[in-house]
Amino acid sequence: MTDSGRIKLGRVGIWTFAYEGQPAGRVRESAAEIEELGYGAIWYGEAFGRDTVGQAWLLLSATQRIVVASGIANIAFRDPIATATATRALGEAFPGRYVLGLGGHRVDDTVHELDGYPVPARGRAVTTMRAYLQAMDAVPAHGPVADPAPRRVLAALGPKMLQLAAEHTWGAHPYFVSTEHTERARQIMGPNAFLAVEQAVVLDTDLSHARQVATAHVAGYLSAPHQEANVRRLGFNDEDIVGGPSRRLVDAIVAYGEVEAIRRRVQEHLDAGADHVCLQVLTADTASLPEHEWRELAAALLPHHTA
């Protein structure tokens with residue numbers, strides 16, 4: 001696998017949307033605990049809450065060692081100059097601790113074209129992302145330059161975006177994927193590109209309830225055309241998608257049940273070629289932080305964890 005230089009994410013991290021709805025003080029406390037639990041990275045989404053740059057500053061300033069990674073910063077929300085200069089500032093202020101994950105899709109119809117860099121749609125997402133990366137690279141630096149420079153990864157799912165990730169960035173950060181996708185991604189990108197895979201999990205010994213939470217999560221994402229296209233590439237069909245996700249599809253996307261089931265899924269991703277697996281803990285209470293689950297998973301999955 002790829003050498004990460006001075007950026008060390010470890011094998012297991014946390015992925016969360018939950019910080020968007022929490023006050024800043026609460027986020028600081030939680031991030032500091034995740035670091036102490038021994039996770040290698042905190043990945044966070046960007047949708048309807050804090051912007052990705054503000055969230056990165058908040059998380060990095062609340063911690064000392066852990067890597068903070070956007071998962072992902074939506075290119076529809078800011079032009080390449082803003083992204084490039086903010087990334088440099090974060091890299092200079094927190095050397096070796098920031099990873100910029102980039103992706104792009106419409107959240108709603110209020111997002112429009114930004115300075116010639118349109119919101120990616122089916123058929124032009126790769127072209128748009130390539131142009132965005134090139135525009136970032138062309139922004140001159142008039143101040144301190146971080147050493148090492150912050151790494152970039154792409155929210156790549158399809159073969160062409162995975163190839164772009166391998167050729168023009170550090171690697172890929174696939175979201176809502178199975179272990180089979182991880183194996184395919186490694187084959188497409190080759191042995192040297194970095195591969196950080198998001199894995200949704202439900203830690204609940206009540207399998208019926210756990211499956212309900214997992215099913216609701218999968219159903220929500222199937223309304224996104226790029227996610228539906230990706231699961232179809234993996235061999236799922238109308239029987240798995242139309243009218244609600246099948247058990248087969250839910251089981252492929254979400255690991256649920258006791259901690260051992262989650263441990264197995266993490267190892268399966270690593271065996272398939274992932275360098276890093278970031279766990280998105282799902283619960284029925286989406287307004288709260290899944291702190292109990294983060295602690296339990298740390299105790300079971302992190303070799304150097306101490307209670």
# chains A, B, ... in the order shown; residues from 1 in each chain; ligands from 1
>>> residues_around(residues="Phe194 in chain A", least_positions_apart="3", cutoff="7 Å", atoms="only C-alpha atoms", output="NGL selection string")
:A and (2 or 170-172 or 275)
>>> residues_around(residues="Arg264 in chain A", least_positions_apart="2", cutoff="12 Å", atoms="only C-alpha atoms", output="list in words")
Thr179, Gln199, Val201, Ala255, Tyr256, Gly257, Glu258, Val259, Glu260, Ala261, Ile262, Val266, Gln267, Glu268, His269, Leu270, Asp271, Val277, Ala300 and Leu301 of chain A
>>> atom_distance(atom1="CA of Met189 in chain A", atom2="CA of Gln163 in chain A")
5.8 Å
>>> closest_residue(among="A:Ala89, A:Cys278, A:Leu60, A:Ala185", to="Gly13 in chain A", atoms="only C-alpha atoms")
A:Cys278
>>> residues_around(residues="range 66-76 of chain A", least_positions_apart="4", cutoff="7 Å", atoms="only C-alpha atoms", output="ChimeraX atom specification")
/A:9,35,40-46,52,56,59-60,97-105,111,119,155
>>> closest_residue(among="A:Arg130, A:Arg265, A:Arg88, A:Lys160", to="His142 in chain A", atoms="only C-alpha atoms")
A:Arg88
>>> residues_around(residues="Phe48 in chain A", least_positions_apart="3", cutoff="10 Å", atoms="only C-alpha atoms", output="PyMOL selection string")
chain A and resi 17+20-21+45+51+107
>>> select_by_dssp(residues="range 242-298 of chain A", states="strand (DSSP E or B)", output="number ranges by chain")
A: 254-257, 276-281
>>> write_last_selection(atoms="N, CA and C atoms", output="PDB file, in the first residue's frame")
ATOM      1  N   VAL A 254     -24.047  -2.117   5.023  1.00  0.00           N
ATOM      2  CA  VAL A 254     -23.979  -1.821   6.458  1.00  0.00           C
ATOM      3  C   VAL A 254     -23.572  -3.068   7.233  1.00  0.00           C
ATOM      4  N   ALA A 255     -22.621  -2.920   8.145  1.00  0.00           N
ATOM      5  CA  ALA A 255     -22.284  -3.980   9.092  1.00  0.00           C
ATOM      6  C   ALA A 255     -23.065  -3.724  10.373  1.00  0.00           C
ATOM      7  N   TYR A 256     -23.790  -4.715  10.851  1.00  0.00           N
ATOM      8  CA  TYR A 256     -24.633  -4.475  12.025  1.00  0.00           C
ATOM      9  C   TYR A 256     -24.662  -5.704  12.922  1.00  0.00           C
ATOM     10  N   GLY A 257     -25.001  -5.433  14.185  1.00  0.00           N
ATOM     11  CA  GLY A 257     -25.051  -6.492  15.175  1.00  0.00           C
ATOM     12  C   GLY A 257     -24.008  -6.268  16.246  1.00  0.00           C
ATOM     13  N   HIS A 276      -7.327   2.277   5.028  1.00  0.00           N
ATOM     14  CA  HIS A 276      -7.958   2.892   6.197  1.00  0.00           C
ATOM     15  C   HIS A 276      -9.457   2.706   6.067  1.00  0.00           C
ATOM     16  N   VAL A 277     -10.125   2.388   7.178  1.00  0.00           N
ATOM     17  CA  VAL A 277     -11.580   2.252   7.202  1.00  0.00           C
ATOM     18  C   VAL A 277     -12.119   3.223   8.244  1.00  0.00           C
ATOM     19  N   CYS A 278     -13.021   4.112   7.833  1.00  0.00           N
ATOM     20  CA  CYS A 278     -13.623   5.060   8.771  1.00  0.00           C
ATOM     21  C   CYS A 278     -15.076   4.648   9.015  1.00  0.00           C
ATOM     22  N   LEU A 279     -15.414   4.491  10.279  1.00  0.00           N
ATOM     23  CA  LEU A 279     -16.697   3.931  10.679  1.00  0.00           C
ATOM     24  C   LEU A 279     -17.728   5.019  10.925  1.00  0.00           C
ATOM     25  N   GLN A 280     -18.842   4.930  10.215  1.00  0.00           N
ATOM     26  CA  GLN A 280     -19.977   5.821  10.464  1.00  0.00           C
ATOM     27  C   GLN A 280     -20.998   5.056  11.302  1.00  0.00           C
ATOM     28  N   VAL A 281     -21.097   5.412  12.574  1.00  0.00           N
ATOM     29  CA  VAL A 281     -22.018   4.723  13.483  1.00  0.00           C
ATOM     30  C   VAL A 281     -23.426   5.268  13.272  1.00  0.00           C
TER      31      VAL A 281
END
>>> atom_distance(atom1="CA of Tyr221 in chain A", atom2="CA of His292 in chain A")
25.3 Å
>>> select_by_dssp(residues="range 130-170 of chain A", states="helix (DSSP H, G or I)", output="VMD selection string")
chain A and resid 130 to 137 159 to 168
